[in-house]
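Here the structure is laid out as structure tokens; the discussion comes afterwards.
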Amino acid sequence: MTREIERVAQIPVAQIATIVPIMLTVGANRIVPGVAIPHPVGNPEAGPEEDKKTRRKLVLRALKALQADISEQTIFES
Amino acid sequence: MSYRVVCYINQFYGGKGGEEVADFKPELVEGPVGPGLELQKLFGDEARVIGTIICGDGYYAEHIEKARAECLKIVEDLKPDLFVAGPAFNAGRYGVACGDICAAITQSLDIPSLTGMFPENPGVELYRAQTFIVKTEGSARGMKQALTSMARLGLKLIKGELLGPAYEEGYIHRGIRKNFFKDKRGSLRAIDILLQKIAGQEFRTEYEMPTFKKIPPAPPIKDIKHATIALVTSGGIVPRGNPDRLRVSSAESYAKYDISGLDDLTPDEFESIHGGYDRMWANLDPDVVVPLDVMRELEREGVFGKLHPYLYTTTGTGTSVANAERFGQEIGRELKEAGVDGVILTST
Amino acid sequence: MQLKLHKVKVRDVRWGDVTKVQEGVLYVDKASALEAVKDDAFAKVDLELARPGESIRIIPVKDCIQPRVKLSGGKEYFPGFCAPLQRAGDGATLVLDGAAVVTCGSIVAFQEGFIDMSGQGARYTPFSETNNVVLVVEPTDGLDKHKYEAALRIAGLKLATYLAKACMDTKADEVATFEKGSIAEESAKFPGLPKILYVCMSIAQGLLHDTYVYGTDVKMSFPFLLHPNEVLDGAVVSGNCVSACDKNTTYHHVNNPVVRDLYERHGKDLNFLGVVISPESTVLAGKERNARMSAAIGADLGANGAVITEEGYGNPDTDLCLTAKYFEEAGIRTVVISDEAAGTDGKSQSLADATPEMNAFVSTGNVNEMIVVPPMQKVIGDPKAIALLSGGSAESLWEDGSMYVELQSVIGSTVEIGYSQVGCEWV
């Protein structure tokens, strides 16, 4: 889905998910590793504050990824 | 009564000559010609080659629409039970012609067809999904073996017998995975393979590792302060009650929901219906899958321009690649038309 | 370690005044069986019987358990649950061979599956061939799902133990012996044979997707080594509500065909080292760690080869790839057993992940392939659940009661420990 949105719309797509190897195989170009499969953009087990902090950090990272000039599949770890 | 078979061969195997007569137009000859004679022997009394179309490789390649129509007309009049082209071995133009005419006959006339090619023949990739292509050697040295496989498969196709796996039937597979009941259970097959592998013997894997499609990255967003960002998810977040009845797994559709008036995805209004993960956390707060609360905050703070008013959502568990690609294409087109500059896609 | 399985053959199941096996018939005293499973968590508990060939559908099924009890070398069964913590795998165990307890009750609804006792669907599940005592429960109002799962899981184990215990005096029709010394002893006995390790990857992904070993949820565990006898004698219990087609039920664990087949060939053409249980984590770091640690155990034991089996599909494909990769990198040859999600037309990518090291692959079938199953005269459980099955949809259920569903809705249809003969090939 990620790859085809990017190909058809010619706009960058940042994918946030937990299992990086799968994002690599499905052809995502801007990859942001998520927290866990049931909560990719949150850390609810650590309480509401930490949860939101984590989410904000990941979304900011995804926005950064959308602005990054890349030539191949890239994992944004920070 | 025996079954009726029509064959297709090129000018060379039809005895008309070599490259100098490659523009030879399709011509019907009664009975078997060239490789068809051997094929007839292999069929025995079960099937009869009633006619053979001879066509130049150059003619078919240069006038593909016309050549196809002419051959189709001949075959339609003869109403055979089976159509056999080639074998073309590793001859490129001949392979394409054999594949094309077989595909057309099966598709338009609903008559089973088969041909034979070397796996590297360009006709294989083009037509393997639309006809049966028996695996042959690279040259006519493999004629006898090719015709033996073709005759055996041909009779099965005529009779509508259930076919076994492609490697057992001797054809190049059509890209379809199918379930069979095997002779041995999986654990025994695995141990056999492992011991063969350790001993350095040949073994047959039941699934070769695929290669995956990649695309060059789209250009980055230059002006994030004025950019419109859309949220897309395969995490199965939908309004409570799943109004569009998205499937919990093996999704065949996606849905879009207006989130323009919302600052947060609350469990009162949204839920996860995804069938592939423990939904406890997502149902306590759907924002852990679709980060709407934080996106709104960042929008207000001016970190980026605007959040696209629609959330696109589906379930990504057991969903076929073909469907996932189609969702991506359709969503991509809509986002492009809506002037969206970038996407954040979350997956579980 | 020596384990003797005293198998009492069960060819039929009927209600009776006393629970016993007589001439191949398992008689069940319903009242005392119900007494054995009572729990405050249940508003209603009932038992039903389902025999091979009958026109019966059981839905939604959670777990299947083979009735067993220790005769010697321990007490009761399922240490950590229904038995005190004792090491499984030693002494003698009574097995009601041909019988199964089936637990039935809706917990997560859509990812649970069904069993048909006859018709096309019966071909795909081993539990159409067992004489089933079906435990049907309704939870009390507002009971937390995870508590409900635990209560139903334990009730199933208790019922299985109860049935076997009531038949403890029955003479076995057959005694199967599983005996193997320490790794050092066996390696000294069979110096020329390739040393094979079995890695049983197990879903450990949250409260409703879990595996228990000696009563402990393995979610937070590292990969660890078990003697094959422990696996064959009730150390491993399924707490998995999801993935009907390819979860290892508790019945599958004690009858694990990879363990049995490796045992069968132990000392003949291979040296069976043991079983590593490797949890399938929800986070990539967990997948990495468990794959590397499994391979490290293999390397330390001097393994020459490993059979690696998956549980579930989708994200566990990554666990499978990583595990195969790290074993191969350690010089240990691998074969993997997995099912495929190739789409209803069989044309999709079968796996979510791939790696070149995974070049020996045994397929247990395409979970998405469509099958039609005929209507059944009787439905045990909740017939409404049919429309909600994973692999089904609102349109799956036809007016006459037939269903057009994906294979994945049938319990045990593509189990990746290679229990059945179903497998995928290219056509």
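Identifiers in this document derive from the order of the structure tokens: chains are assigned A, B, ..., residues are numbered from 1 separately in each chain, and ligands are numbered from 1 in order of occurrence.
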Problem set entry | Those in range 90-131 of chain C with strand (DSSP E or B) from DSSP, as a count of residues only | 18
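Residues from chain A that have an atom within 6 Å of chain B, counting only C-alpha atoms, are A:Met1, A:Glu4, A:Ile5, A:Val8, A:Ala9, A:Gln10, A:Ile11, A:Pro12, A:Val13, A:Ala14, A:Gln15, A:Ile16, A:Ala17, A:Thr25, A:Gly27, A:Asn29, A:Ile37, A:Pro38, A:His39, A:Pro40, A:Val41, A:Gly42, A:Arg56, A:Leu66, A:Gln67, A:Ala68, A:Asp69.
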Per-residue nearest contacts of chain B to chain C (8 Å; only C-alpha atoms) as a tab-separated table:
residue	atom	partner	partner_atom	distance
B:Gly164	CA	C:Val427	CA	7.6
B:Pro165	CA	C:Val427	CA	5.3
B:Ala166	CA	C:Val427	CA	4.7
B:Tyr167	CA	C:Trp426	CA	7.7
B:His173	CA	C:Val427	CA	4.9
B:Arg174	CA	C:Val427	CA	5.7
B:Gly175	CA	C:Lys347	CA	6.1
B:Ile176	CA	C:Gly346	CA	4.9
B:Arg177	CA	C:Gly346	CA	4.5
B:Lys178	CA	C:Cys424	CA	5.2
B:Asn179	CA	C:Cys424	CA	4.4
B:Phe180	CA	C:Gly423	CA	5.4
B:Phe181	CA	C:Val422	CA	4.5
B:Lys182	CA	C:Gln421	CA	5.0
B:Asp183	CA	C:Gln421	CA	6.7
B:Lys184	CA	C:Gln421	CA	5.8
B:Arg185	CA	C:Gln421	CA	4.2
B:Gly186	CA	C:Gly418	CA	3.8
B:Ser187	CA	C:Gly418	CA	4.4
B:Leu188	CA	C:Asp261	CA	6.5
B:Arg189	CA	C:Val362	CA	7.1
B:Ala190	CA	C:Val362	CA	6.0
B:Ile191	CA	C:Val307	CA	7.2
B:Ile193	CA	C:Val335	CA	7.0
B:Leu194	CA	C:Val335	CA	5.6
B:Leu195	CA	C:Gly305	CA	8.0
B:Lys197	CA	C:Arg333	CA	7.0
B:Ile198	CA	C:Arg333	CA	6.2
B:Phe203	CA	C:Ala360	CA	7.9
B:Arg204	CA	C:Ala360	CA	7.4
B:Thr205	CA	C:Ala360	CA	4.7
B:Glu206	CA	C:Val362	CA	5.4
B:Tyr207	CA	C:Phe361	CA	5.8
B:Glu208	CA	C:Asn359	CA	6.6
B:Met209	CA	C:Ala354	CA	6.2
B:Pro210	CA	C:Ala354	CA	7.0
B:Arg247	CA	C:Ser393	CA	6.8
B:Val248	CA	C:Ser390	CA	6.7
B:Ser249	CA	C:Ser390	CA	6.1
B:Ser250	CA	C:Gly391	CA	7.0
B:Gly275	CA	C:Gln111	CA	6.4
B:Tyr277	CA	C:Gln205	CA	7.9
B:Asp278	CA	C:Gly206	CA	6.1
B:Thr317	CA	C:Gly314	CA	6.9
B:Gly318	CA	C:Ala341	CA	6.1
B:Thr319	CA	C:Gly343	CA	7.1
B:Ser320	CA	C:Gly343	CA	4.8
B:Val321	CA	C:Ser348	CA	5.3
B:Ala322	CA	C:Ser348	CA	6.3
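We find CA of Val137 in chain C and CA of Ala43 in chain C to be spaced 7.6 Å apart.
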| query | Could you write out as an MDAnalysis selection string the residues of chain A within 9 Å of chain C, counting only C-alpha atoms? | reply | chainID A and resid 18:26 33:38
